[in-house]
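Source file: my_file-v6.txt (compact mmCIF, C-alpha atoms)
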# COMPACT_ATOMS: atom_id res chain seq x y z
CA MET A 161 -28.77 9.23 -13.52
CA ASP A 162 -32.18 9.76 -11.86
CA GLU A 163 -32.24 6.25 -10.49
CA GLU A 164 -32.19 4.37 -7.22
CA TYR A 165 -28.92 2.57 -6.30
CA ASP A 166 -27.89 0.46 -3.33
CA VAL A 167 -24.47 2.08 -3.15
CA ILE A 168 -22.95 5.19 -4.72
CA VAL A 169 -19.14 5.45 -4.75
CA LEU A 170 -17.38 8.80 -5.19
CA GLY A 171 -13.74 8.81 -6.31
CA THR A 172 -11.86 6.08 -8.19
CA GLY A 173 -8.91 5.57 -5.83
CA LEU A 174 -7.89 1.98 -5.20
CA THR A 175 -9.92 1.66 -1.97
CA GLU A 176 -13.08 2.92 -3.69
CA CYS A 177 -12.62 0.71 -6.79
CA ILE A 178 -12.04 -2.45 -4.75
CA LEU A 179 -15.13 -1.75 -2.63
CA SER A 180 -17.29 -1.04 -5.67
CA GLY A 181 -16.05 -4.29 -7.24
CA ILE A 182 -16.83 -6.27 -4.10
CA MET A 183 -20.28 -4.66 -3.68
CA SER A 184 -21.15 -5.37 -7.33
CA VAL A 185 -20.07 -9.02 -7.00
CA ASN A 186 -22.30 -9.17 -3.91
CA GLY A 187 -25.26 -8.28 -6.08
CA LYS A 188 -25.59 -4.61 -5.10
CA LYS A 189 -26.57 -2.02 -7.68
CA VAL A 190 -23.60 0.38 -7.78
CA LEU A 191 -23.06 3.82 -9.33
CA HIS A 192 -19.43 4.96 -9.34
CA MET A 193 -18.59 8.60 -10.05
CA ASP A 194 -15.39 10.68 -10.14
CA ARG A 195 -15.01 14.42 -10.63
CA ASN A 196 -11.73 13.82 -12.51
CA PRO A 197 -11.53 12.75 -16.16
CA TYR A 198 -9.14 9.88 -15.23
CA TYR A 199 -9.16 6.86 -12.91
CA GLY A 200 -7.22 6.56 -9.69
CA GLY A 201 -7.75 9.84 -7.79
CA GLU A 202 -4.78 10.26 -5.45
CA SER A 203 -3.39 6.85 -6.42
CA SER A 204 -3.22 7.28 -10.19
CA SER A 205 -0.21 6.83 -12.50
CA ILE A 206 0.62 9.90 -14.61
CA THR A 207 1.40 9.56 -18.32
CA PRO A 208 2.89 10.98 -20.52
CA LEU A 209 5.86 12.53 -18.69
CA GLU A 210 4.87 16.03 -19.94
CA GLU A 211 1.71 15.68 -17.83
CA LEU A 212 3.80 15.07 -14.68
CA TYR A 213 5.87 18.22 -15.32
CA LYS A 214 2.63 20.17 -15.79
CA ARG A 215 1.03 18.70 -12.67
CA PHE A 216 3.97 19.80 -10.51
CA GLY A 217 4.03 23.24 -12.12
CA LEU A 218 7.49 22.93 -13.69
CA PRO A 219 7.98 25.68 -16.29
CA ASP A 220 9.97 23.55 -18.78
CA SER A 221 8.99 20.43 -20.63
CA PRO A 222 11.07 17.26 -20.13
CA PRO A 223 14.52 17.35 -21.80
CA GLU A 224 15.15 15.02 -24.73
CA SER A 225 17.39 12.82 -22.59
CA MET A 226 14.20 11.60 -20.84
CA GLY A 227 13.15 9.70 -23.98
CA ARG A 228 9.57 9.48 -25.22
CA GLY A 229 6.99 11.00 -22.89
CA ARG A 230 4.49 8.22 -23.46
CA ASP A 231 6.96 5.57 -22.22
CA TRP A 232 6.43 6.92 -18.70
CA ASN A 233 3.75 5.93 -16.15
CA VAL A 234 4.66 7.59 -12.87
CA ASP A 235 2.79 6.61 -9.69
CA LEU A 236 1.83 9.52 -7.44
CA ILE A 237 1.71 7.16 -4.47
CA PRO A 238 4.39 4.48 -4.44
CA LYS A 239 3.44 1.08 -3.04
CA PHE A 240 4.34 -2.55 -3.63
CA LEU A 241 2.14 -5.64 -3.12
CA MET A 242 3.15 -8.29 -0.58
CA ALA A 243 3.21 -11.54 -2.60
CA ASN A 244 1.22 -13.36 0.08
CA GLY A 245 -0.68 -10.31 1.31
CA GLN A 246 -4.33 -9.33 1.36
CA LEU A 247 -4.40 -7.33 -1.88
CA VAL A 248 -2.98 -10.24 -3.90
CA LYS A 249 -5.66 -12.48 -2.36
CA MET A 250 -8.32 -9.95 -3.37
CA LEU A 251 -6.87 -9.83 -6.90
CA LEU A 252 -6.82 -13.62 -7.19
CA TYR A 253 -10.25 -14.20 -5.69
CA THR A 254 -11.91 -11.53 -7.81
CA GLU A 255 -10.06 -12.73 -10.93
CA VAL A 256 -8.80 -9.18 -11.49
CA THR A 257 -5.41 -10.81 -12.18
CA ARG A 258 -6.78 -11.52 -15.68
CA TYR A 259 -6.14 -7.89 -16.58
CA LEU A 260 -2.72 -7.43 -14.97
CA ASP A 261 0.88 -8.63 -15.22
CA PHE A 262 3.21 -8.52 -12.24
CA LYS A 263 6.96 -8.61 -11.76
CA VAL A 264 8.80 -9.48 -8.57
CA VAL A 265 10.68 -6.56 -6.99
CA GLU A 266 14.36 -7.48 -7.02
CA GLY A 267 15.47 -6.69 -3.51
CA SER A 268 14.65 -5.29 -0.10
CA PHE A 269 17.30 -3.27 1.71
CA VAL A 270 17.71 -1.62 5.09
CA TYR A 271 19.82 1.42 6.09
CA LYS A 272 22.34 1.23 8.91
CA GLY A 273 25.02 3.78 9.76
CA GLY A 274 24.85 5.53 6.40
CA LYS A 275 25.07 2.33 4.30
CA ILE A 276 22.45 0.00 2.88
CA TYR A 277 22.34 -3.76 3.40
CA LYS A 278 20.12 -6.51 1.99
CA VAL A 279 17.39 -7.45 4.47
CA PRO A 280 18.09 -10.99 5.73
CA SER A 281 14.87 -12.91 6.21
CA THR A 282 15.79 -16.57 5.81
CA GLU A 283 18.18 -18.54 8.00
CA THR A 284 20.78 -18.81 5.21
CA GLU A 285 20.67 -15.07 4.51
CA ALA A 286 20.84 -14.27 8.21
CA LEU A 287 24.03 -16.28 8.57
CA ALA A 288 25.63 -14.59 5.55
CA SER A 289 24.54 -11.03 6.41
CA ASN A 290 27.01 -8.24 7.30
CA LEU A 291 24.39 -6.58 9.49
CA MET A 292 25.24 -8.66 12.54
CA GLY A 293 28.15 -10.25 14.34
CA MET A 294 28.58 -14.02 14.63
CA PHE A 295 26.83 -14.57 18.00
CA GLU A 296 24.05 -12.15 17.10
CA LYS A 297 23.40 -14.23 13.96
CA ARG A 298 22.83 -17.39 15.97
CA ARG A 299 20.36 -15.65 18.26
CA PHE A 300 18.54 -14.08 15.30
CA ARG A 301 18.38 -17.49 13.60
CA LYS A 302 16.75 -18.97 16.74
CA PHE A 303 14.23 -16.13 16.69
CA LEU A 304 13.40 -16.76 13.00
CA VAL A 305 12.90 -20.49 13.68
CA PHE A 306 10.56 -19.60 16.58
CA VAL A 307 8.53 -17.28 14.32
CA ALA A 308 8.35 -19.83 11.48
CA ASN A 309 7.06 -22.57 13.81
CA PHE A 310 4.70 -20.29 15.72
CA ASP A 311 1.02 -21.16 15.36
CA GLU A 312 -1.42 -19.09 17.36
CA ASN A 313 -3.77 -22.10 17.66
CA ASP A 314 -1.11 -24.43 19.05
CA PRO A 315 0.23 -23.45 22.52
CA LYS A 316 3.06 -26.02 22.11
CA THR A 317 4.72 -23.57 19.70
CA PHE A 318 4.61 -20.61 22.12
CA GLU A 319 7.88 -21.40 23.98
CA GLY A 320 6.65 -19.59 27.08
CA VAL A 321 5.38 -16.56 25.16
CA ASP A 322 1.73 -15.57 25.59
CA PRO A 323 0.83 -14.01 22.20
CA LYS A 324 -2.02 -11.97 23.70
CA VAL A 325 -0.05 -10.67 26.69
CA THR A 326 3.75 -10.80 26.17
CA THR A 327 4.99 -7.59 24.54
CA MET A 328 7.30 -7.68 21.55
CA ARG A 329 9.94 -5.91 23.65
CA ASP A 330 9.94 -8.95 25.98
CA VAL A 331 10.13 -11.38 23.07
CA TYR A 332 13.26 -9.58 21.79
CA LYS A 333 14.69 -9.77 25.34
CA LYS A 334 13.95 -13.50 25.51
CA PHE A 335 16.09 -14.06 22.38
CA ASP A 336 18.63 -11.49 23.57
CA LEU A 337 18.54 -9.49 20.31
CA GLY A 338 20.55 -6.25 20.06
CA GLN A 339 19.20 -2.82 19.04
CA ASP A 340 20.28 -3.01 15.37
CA VAL A 341 18.59 -6.37 14.90
CA ILE A 342 15.47 -5.11 16.66
CA ASP A 343 15.49 -2.12 14.28
CA PHE A 344 15.51 -4.13 11.10
CA THR A 345 13.17 -6.85 12.43
CA GLY A 346 10.50 -4.34 13.44
CA HIS A 347 10.88 -2.02 10.48
CA ALA A 348 12.15 -4.07 7.53
CA LEU A 349 10.43 -7.41 8.29
CA ALA A 350 7.34 -6.49 10.33
CA LEU A 351 7.17 -3.18 8.40
CA TYR A 352 6.16 -0.93 11.29
CA ARG A 353 6.69 2.81 10.75
CA THR A 354 7.34 3.68 14.41
CA ASP A 355 8.39 1.87 17.59
CA ASP A 356 4.96 1.95 19.25
CA TYR A 357 4.54 -1.77 18.48
CA LEU A 358 7.21 -2.74 21.07
CA ASP A 359 4.86 -2.34 24.01
CA VAL A 360 1.77 -4.11 22.70
CA PRO A 361 1.16 -7.90 22.71
CA CYS A 362 3.39 -9.65 20.17
CA LEU A 363 0.82 -11.62 18.15
CA GLU A 364 0.42 -9.05 15.36
CA THR A 365 4.18 -8.54 15.00
CA ILE A 366 4.81 -12.29 14.76
CA ASN A 367 2.09 -12.58 12.09
CA ARG A 368 3.60 -9.66 10.17
CA ILE A 369 7.04 -11.31 10.12
CA LYS A 370 5.40 -14.58 8.99
CA LEU A 371 3.65 -12.69 6.17
CA TYR A 372 7.01 -11.26 5.07
CA SER A 373 8.71 -14.67 5.11
CA GLU A 374 5.83 -16.43 3.36
CA SER A 375 5.67 -13.71 0.70
CA LEU A 376 9.42 -14.00 0.21
CA ALA A 377 9.15 -17.77 -0.13
CA ARG A 378 6.74 -17.38 -3.08
CA TYR A 379 9.33 -15.90 -5.46
CA GLY A 380 12.64 -15.75 -3.63
CA LYS A 381 14.07 -12.31 -4.52
CA SER A 382 11.87 -10.16 -2.31
CA PRO A 383 8.37 -10.40 -0.87
CA TYR A 384 7.06 -7.64 -3.15
CA LEU A 385 5.28 -7.57 -6.51
CA TYR A 386 4.63 -4.60 -8.79
CA PRO A 387 2.30 -4.38 -11.80
CA LEU A 388 3.66 -3.65 -15.28
CA TYR A 389 2.58 -0.14 -16.45
CA GLY A 390 2.24 1.10 -12.87
CA LEU A 391 -0.23 1.05 -10.00
CA GLY A 392 -2.85 2.96 -12.01
CA GLU A 393 -3.70 -0.45 -13.53
CA LEU A 394 -5.06 -1.71 -10.19
CA PRO A 395 -8.10 0.56 -9.72
CA GLN A 396 -8.96 0.07 -13.41
CA GLY A 397 -8.90 -3.72 -12.98
CA PHE A 398 -11.43 -3.54 -10.15
CA ALA A 399 -13.49 -1.00 -12.10
CA ARG A 400 -13.79 -3.55 -14.94
CA LEU A 401 -14.84 -6.18 -12.43
CA SER A 402 -17.59 -3.90 -11.13
CA ALA A 403 -18.75 -3.20 -14.72
CA ILE A 404 -18.97 -6.96 -15.51
CA TYR A 405 -21.39 -7.26 -12.58
CA GLY A 406 -23.54 -4.36 -13.73
CA GLY A 407 -21.87 -1.42 -11.99
CA THR A 408 -22.26 1.97 -13.72
CA TYR A 409 -19.21 4.26 -14.13
CA MET A 410 -19.17 8.00 -14.75
CA LEU A 411 -15.92 9.97 -14.94
CA ASN A 412 -15.75 13.78 -15.19
CA LYS A 413 -18.91 14.11 -13.05
CA PRO A 414 -18.89 17.09 -10.67
CA VAL A 415 -20.53 16.33 -7.32
CA GLU A 416 -22.66 19.29 -6.27
CA GLU A 417 -24.23 18.00 -3.10
CA ILE A 418 -24.60 14.93 -0.92
CA VAL A 419 -28.32 14.85 -0.17
CA MET A 420 -29.26 14.04 3.45
CA GLU A 421 -32.59 13.31 5.15
CA ASP A 422 -32.94 12.89 8.93
CA GLY A 423 -29.17 12.64 9.36
CA HIS A 424 -28.52 9.91 6.81
CA VAL A 425 -27.57 9.95 3.14
CA VAL A 426 -30.29 9.50 0.50
CA GLY A 427 -28.53 10.55 -2.70
CA VAL A 428 -25.95 12.54 -4.63
CA LYS A 429 -26.67 15.58 -6.78
CA SER A 430 -24.65 16.11 -9.96
CA GLU A 431 -25.36 18.48 -12.84
CA GLY A 432 -28.86 19.16 -11.54
CA GLU A 433 -29.91 15.51 -11.21
CA VAL A 434 -30.11 13.39 -8.07
CA ALA A 435 -29.14 9.73 -7.97
CA ARG A 436 -30.65 8.14 -4.88
CA CYS A 437 -28.81 5.61 -2.70
CA LYS A 438 -28.93 3.77 0.62
CA GLN A 439 -25.17 3.92 1.29
CA LEU A 440 -22.28 6.10 0.11
CA ILE A 441 -18.55 5.32 -0.11
CA CYS A 442 -16.09 8.11 -0.88
CA ASP A 443 -12.57 9.41 -0.43
CA PRO A 444 -12.05 12.25 2.09
CA SER A 445 -11.92 14.97 -0.60
CA TYR A 446 -15.67 14.62 -1.25
CA ILE A 447 -16.76 15.23 2.37
CA GLN A 448 -14.38 17.69 3.91
CA ASP A 449 -16.76 18.53 6.74
CA ARG A 450 -16.72 14.90 7.90
CA VAL A 451 -12.97 14.29 8.05
CA ARG A 452 -10.10 15.57 10.18
CA LYS A 453 -6.44 16.11 9.34
CA ALA A 454 -4.28 13.39 10.89
CA GLY A 455 -0.86 14.48 9.67
CA GLN A 456 1.09 14.96 6.46
CA VAL A 457 3.16 12.79 4.15
CA ILE A 458 5.99 14.09 1.99
CA ARG A 459 6.72 12.22 -1.24
CA VAL A 460 9.55 13.02 -3.63
CA ILE A 461 9.55 11.44 -7.08
CA CYS A 462 13.14 11.26 -8.37
CA ILE A 463 14.11 10.38 -11.94
CA LEU A 464 17.54 8.72 -12.19
CA SER A 465 19.70 7.47 -15.06
CA HIS A 466 21.36 4.78 -12.92
CA PRO A 467 20.42 2.03 -10.45
CA ILE A 468 20.85 2.85 -6.74
CA LYS A 469 24.38 2.22 -5.41
CA ASN A 470 24.99 -0.97 -3.38
CA THR A 471 21.82 -2.71 -4.59
CA ASN A 472 23.60 -5.05 -7.05
CA ASP A 473 22.25 -2.88 -9.89
CA ALA A 474 18.69 -4.00 -9.11
CA ASN A 475 16.09 -2.61 -11.54
CA SER A 476 13.59 -2.45 -8.68
CA CYS A 477 13.99 -2.42 -4.91
CA GLN A 478 12.80 -1.06 -1.62
CA ILE A 479 14.98 0.65 0.97
CA ILE A 480 13.79 1.22 4.52
CA ILE A 481 15.56 3.74 6.74
CA PRO A 482 14.53 2.85 10.32
CA GLN A 483 13.72 5.93 12.42
CA ASN A 484 16.40 5.19 15.05
CA GLN A 485 19.11 5.40 12.39
CA VAL A 486 18.25 9.02 11.61
CA ASN A 487 16.84 10.21 14.98
CA ARG A 488 13.22 10.31 13.92
CA LYS A 489 9.91 8.91 15.14
CA SER A 490 8.89 7.38 11.78
CA ASP A 491 10.75 5.52 9.05
CA ILE A 492 11.75 6.88 5.64
CA TYR A 493 10.95 4.67 2.64
CA VAL A 494 12.37 4.46 -0.86
CA CYS A 495 10.54 2.55 -3.63
CA MET A 496 12.48 2.16 -6.85
CA ILE A 497 11.17 0.83 -10.17
CA SER A 498 12.37 1.31 -13.74
CA TYR A 499 12.03 0.77 -17.47
CA ALA A 500 11.83 -3.00 -16.70
CA HIS A 501 8.24 -2.39 -15.48
CA ASN A 502 7.18 -0.30 -18.50
CA VAL A 503 6.94 2.81 -16.33
CA ALA A 504 9.98 4.74 -17.61
CA ALA A 505 11.98 5.26 -20.81
CA GLN A 506 14.82 2.82 -21.59
CA GLY A 507 17.67 3.04 -19.07
CA LYS A 508 15.71 5.29 -16.67
CA TYR A 509 14.76 4.63 -13.03
CA ILE A 510 12.08 6.16 -10.80
CA ALA A 511 12.79 6.31 -7.06
CA ILE A 512 10.08 7.65 -4.78
CA VAL A 513 10.98 8.70 -1.25
CA SER A 514 8.21 9.04 1.34
CA THR A 515 7.79 9.61 5.05
CA THR A 516 5.41 11.02 7.65
CA VAL A 517 6.20 14.71 8.21
CA GLU A 518 7.49 15.51 11.71
CA THR A 519 8.93 19.04 11.47
CA SER A 520 8.29 22.33 9.71
CA GLU A 521 11.02 21.48 7.17
CA PRO A 522 9.85 18.26 5.52
CA GLU A 523 12.43 18.38 2.71
CA ALA A 524 15.30 18.37 5.21
CA GLU A 525 13.78 15.28 6.85
CA ILE A 526 14.25 13.09 3.78
CA GLU A 527 17.81 14.25 3.04
CA PRO A 528 19.39 10.89 4.15
CA ALA A 529 17.29 9.08 1.52
CA LEU A 530 18.05 11.56 -1.26
CA GLU A 531 21.78 11.18 -0.59
CA LEU A 532 21.47 7.47 -1.45
CA LEU A 533 20.00 8.37 -4.86
CA GLU A 534 22.56 10.91 -6.14
CA PRO A 535 22.88 12.06 -8.89
CA ILE A 536 19.17 12.86 -9.43
CA ASP A 537 18.06 14.09 -12.90
CA GLN A 538 14.76 15.62 -11.76
CA LYS A 539 12.77 15.86 -8.51
CA PHE A 540 9.03 16.34 -8.00
CA VAL A 541 8.07 17.15 -4.41
CA SER A 542 4.56 16.75 -3.03
CA LEU A 543 3.12 17.28 0.45
CA SER A 544 -0.20 15.54 1.11
CA ASP A 545 -2.48 16.05 4.07
CA LEU A 546 -3.64 12.78 5.61
CA TYR A 547 -7.35 12.85 6.36
CA GLU A 548 -9.38 10.32 8.30
CA PRO A 549 -13.16 10.14 8.85
CA ILE A 550 -14.56 11.70 12.05
CA ASP A 551 -17.20 8.98 12.60
CA ASP A 552 -17.76 5.37 11.58
CA GLY A 553 -20.64 6.17 9.22
CA THR A 554 -23.21 3.91 10.87
CA GLU A 555 -25.64 6.78 11.44
CA SER A 556 -25.16 8.78 8.24
CA GLN A 557 -24.36 5.69 6.09
CA ILE A 558 -21.50 7.72 4.58
CA PHE A 559 -18.31 5.66 4.66
CA ALA A 560 -15.11 7.58 3.98
CA SER A 561 -11.80 5.89 3.23
CA SER A 562 -8.61 7.02 4.95
CA ALA A 563 -5.85 8.70 2.94
CA TYR A 564 -2.92 6.57 1.71
CA ASP A 565 -0.18 6.51 4.34
CA ALA A 566 3.60 6.56 3.92
CA THR A 567 4.00 2.75 4.01
CA THR A 568 5.34 1.07 0.88
CA HIS A 569 2.80 -1.74 0.74
CA PHE A 570 -0.99 -2.11 0.63
CA GLU A 571 -1.67 -3.94 3.89
CA THR A 572 -2.98 -0.82 5.70
CA THR A 573 -5.20 0.01 2.70
CA CYS A 574 -6.64 -3.54 2.77
CA ASN A 575 -7.36 -3.22 6.49
CA ASP A 576 -9.29 -0.02 5.73
CA ILE A 577 -11.28 -1.83 2.99
CA LYS A 578 -12.16 -4.72 5.32
CA ASP A 579 -13.10 -2.26 8.06
CA ILE A 580 -15.43 -0.24 5.77
CA TYR A 581 -16.96 -3.50 4.45
CA LYS A 582 -17.74 -4.63 7.99
CA ARG A 583 -19.29 -1.29 8.94
CA MET A 584 -21.44 -1.32 5.77
CA THR A 585 -22.65 -4.91 5.86
CA GLY A 586 -22.32 -5.88 9.51
CA SER A 587 -20.29 -8.97 8.60
CA ASP A 588 -16.59 -9.71 8.15
CA PHE A 589 -15.15 -9.66 4.64
CA ASP A 590 -14.82 -13.30 3.59
CA PHE A 591 -12.49 -14.15 0.71
CA GLU A 592 -14.01 -17.63 0.25
CA ASN A 593 -17.47 -16.15 -0.06
CA MET A 594 -16.29 -13.87 -2.89
CA LYS A 595 -15.06 -16.92 -4.73
CA ARG A 596 -18.38 -18.76 -4.36
CA LYS A 597 -20.32 -15.77 -5.66
CA GLN A 598 -18.07 -15.64 -8.73
CA ASN A 599 -18.58 -19.32 -9.45
CA ASP A 600 -22.33 -18.68 -9.46
CA VAL A 601 -21.83 -16.22 -12.31
CA PHE A 602 -18.96 -17.69 -14.34
CA GLY A 603 -19.55 -21.39 -13.54
CA GLU A 604 -16.82 -23.62 -12.13
CA ASP A 605 -15.16 -24.52 -15.45
CA GLU A 606 -14.03 -21.04 -16.42
CA GLN A 607 -12.21 -20.35 -13.16

Exercise: express the given structure as structure tokens:
Amino acid sequence: MDEEYDVIVLGTGLTECILSGIMSVNGKKVLHMDRNPYYGGESSSITPLEELYKRFGLPDSPPESMGRGRDWNVDLIPKFLMANGQLVKMLLYTEVTRYLDFKVVEGSFVYKGGKIYKVPSTETEALASNLMGMFEKRRFRKFLVFVANFDENDPKTFEGVDPKVTTMRDVYKKFDLGQDVIDFTGHALALYRTDDYLDVPCLETINRIKLYSESLARYGKSPYLYPLYGLGELPQGFARLSAIYGGTYMLNKPVEEIVMEDGHVVGVKSEGEVARCKQLICDPSYIQDRVRKAGQVIRVICILSHPIKNTNDANSCQIIIPQNQVNRKSDIYVCMISYAHNVAAQGKYIAIVSTTVETSEPEAEIEPALELLEPIDQKFVSLSDLYEPIDDGTESQIFASSAYDATTHFETTCNDIKDIYKRMTGSDFDFENMKRKQNDVFGEDEQ
């Protein structure tokens, strides 16, 4: 413990584990500590089921109808992976996929007027969808063709749109799309949580819709993947990667003090010893004086004995309730997985509802989503404060991750990882570079 490290990482949430893996691959000497006896911090999967009941302070133990406790792995934070998204690239490039198996999520749905509909994202689906009338479909199809052909490096594909100036609101006007279509395009395809995106230049939105379509094209049913045995497998995969490259792991290590000299970090004190370091990465819970509260997320884990109605009996799906449909500022999300992913007992389903809290009665806010899930066997409600770092860490060399938001995918988490990487190293995170470094260690043949 009394050693000198390049980087010390506190907390084994996904963000921290990916960064410690990347830093180890980059040749840094890394020490990774967590005060908990298990991996994953906020983003862990809880098993057996008895442990989940205990964690939420329920007086009883699970009834026998719930099956064997150890058949359950329940995520505290529900998220899916975009098949063509940044996290999958990180998994592929770092070879962490060796340790994991994924299944495609069976469907993506959107809520309109109290009912749920499959999200149309290809031309054929758009033409068959009940979400829109006949003329609307043609206009939406034109819009999808425009997005598919759009290439930010080729002005010939812009069709009079300036990606760095034209707002998304104006792009929708250009294609004459109605409010309902705008709702599901912005929230179910581009996956924005609020409508703020309408008045900023359209480039990011177009790229987000392209990511959705390209992810969908990989496997056809939906653009999302989910790991067997739950999301808790992800941080552990990156932890193994870090260990292969010489990273040191210590669970169950209380952190007594972050040692500073002249305003920057020089080490971490635990159980009377000090490990010295040049840089520190941690989740907000380790440095509460350096983070501020940026809101709250409510998450409700629901155990069901049936698939969700109107989803074609899918054993996994996502439902997005756009804010306009329920008079809110931010969307409500439902992630549903089941025994097919080895996270629940036979015939059981886990649906997790989440949203950004907007009122003093968070449970009332998610009522529209809970109605879609009835009957519910058991609910577990959690309210989490969202913390974000006060400064960028360049002076103190303490780099804090942001809390996991209400979105149902990992793109925002990956942006945070790339942002921290850039602040720590001064250069952009380069996927190709990761690959080259790995080849140096494993040799080309084993890739």

Would you mind listing, for every residue of range 527-590 of chain A within 10 Å of range 427-446 of chain A, the two atoms forming the shortest contact and the distance between them in Å to one decimal, using all atoms listed in the file, sorted by chain and ascending residue number, as a tab-separated table?
residue	atom	partner	partner_atom	distance
A:Leu546	CA	A:Pro444	CA	9.1
A:Tyr547	CA	A:Pro444	CA	6.4
A:Glu548	CA	A:Pro444	CA	7.0
A:Pro549	CA	A:Pro444	CA	7.2
A:Gly553	CA	A:Leu440	CA	9.3
A:Thr554	CA	A:Gln439	CA	9.8
A:Ser556	CA	A:Gln439	CA	8.5
A:Gln557	CA	A:Gln439	CA	5.2
A:Ile558	CA	A:Leu440	CA	4.8
A:Phe559	CA	A:Ile441	CA	4.8
A:Ala560	CA	A:Cys442	CA	5.0
A:Ser561	CA	A:Asp443	CA	5.1
A:Ser562	CA	A:Pro444	CA	6.9
A:Ala563	CA	A:Pro444	CA	7.2
A:Ile580	CA	A:Ile441	CA	8.7
A:Met584	CA	A:Gln439	CA	7.8

Same residues, C-alpha atoms, saved as a tab-separated table (two decimals), keeping the file's coordinate frame:
chain	number	residue	atom	x	y	z
A	546	LEU	CA	-3.64	12.78	5.61
A	547	TYR	CA	-7.35	12.85	6.36
A	548	GLU	CA	-9.38	10.32	8.30
A	549	PRO	CA	-13.16	10.14	8.85
A	553	GLY	CA	-20.64	6.17	9.22
A	554	THR	CA	-23.21	3.91	10.87
A	556	SER	CA	-25.16	8.78	8.24
A	557	GLN	CA	-24.36	5.69	6.09
A	558	ILE	CA	-21.50	7.72	4.58
A	559	PHE	CA	-18.31	5.66	4.66
A	560	ALA	CA	-15.11	7.58	3.98
A	561	SER	CA	-11.80	5.89	3.23
A	562	SER	CA	-8.61	7.02	4.95
A	563	ALA	CA	-5.85	8.70	2.94
A	580	ILE	CA	-15.43	-0.24	5.77
A	584	MET	CA	-21.44	-1.32	5.77

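Counting only C-alpha atoms, the residue from A:Asn472, A:Thr172, A:Gln538, A:Thr326 that sits nearest to Ser225 in chain A is A:Gln538.
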
Within 10 Å of (-9.4, 1.0, -13.9) in the file's own coordinates, which protein, DNA or RNA residues have an atom, counting only C-alpha atoms? List them as a compact mmCIF listing (two decimals) with C-alpha atoms, in the frame of the given file.
# COMPACT_ATOMS: atom_id res chain seq x y z
CA THR A 172 -11.86 6.08 -8.19
CA GLY A 173 -8.91 5.57 -5.83
CA LEU A 174 -7.89 1.98 -5.20
CA CYS A 177 -12.62 0.71 -6.79
CA TYR A 198 -9.14 9.88 -15.23
CA TYR A 199 -9.16 6.86 -12.91
CA GLY A 200 -7.22 6.56 -9.69
CA SER A 204 -3.22 7.28 -10.19
CA TYR A 259 -6.14 -7.89 -16.58
CA LEU A 391 -0.23 1.05 -10.00
CA GLY A 392 -2.85 2.96 -12.01
CA GLU A 393 -3.70 -0.45 -13.53
CA LEU A 394 -5.06 -1.71 -10.19
CA PRO A 395 -8.10 0.56 -9.72
CA GLN A 396 -8.96 0.07 -13.41
CA GLY A 397 -8.90 -3.72 -12.98
CA PHE A 398 -11.43 -3.54 -10.15
CA ALA A 399 -13.49 -1.00 -12.10
CA ARG A 400 -13.79 -3.55 -14.94
CA LEU A 401 -14.84 -6.18 -12.43
CA SER A 402 -17.59 -3.90 -11.13

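Counting only C-alpha atoms, the residue from A:Val265, A:Ile512, A:Leu533, A:Met242 that sits nearest to Asn475 in chain A is A:Val265.
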
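For the residues A:Glu531, A:Ala500, A:Phe262, A:Ala454, ranking by smallest atom-to-atom distance to Thr516 in chain A using only C-alpha atoms places A:Ala454 first.
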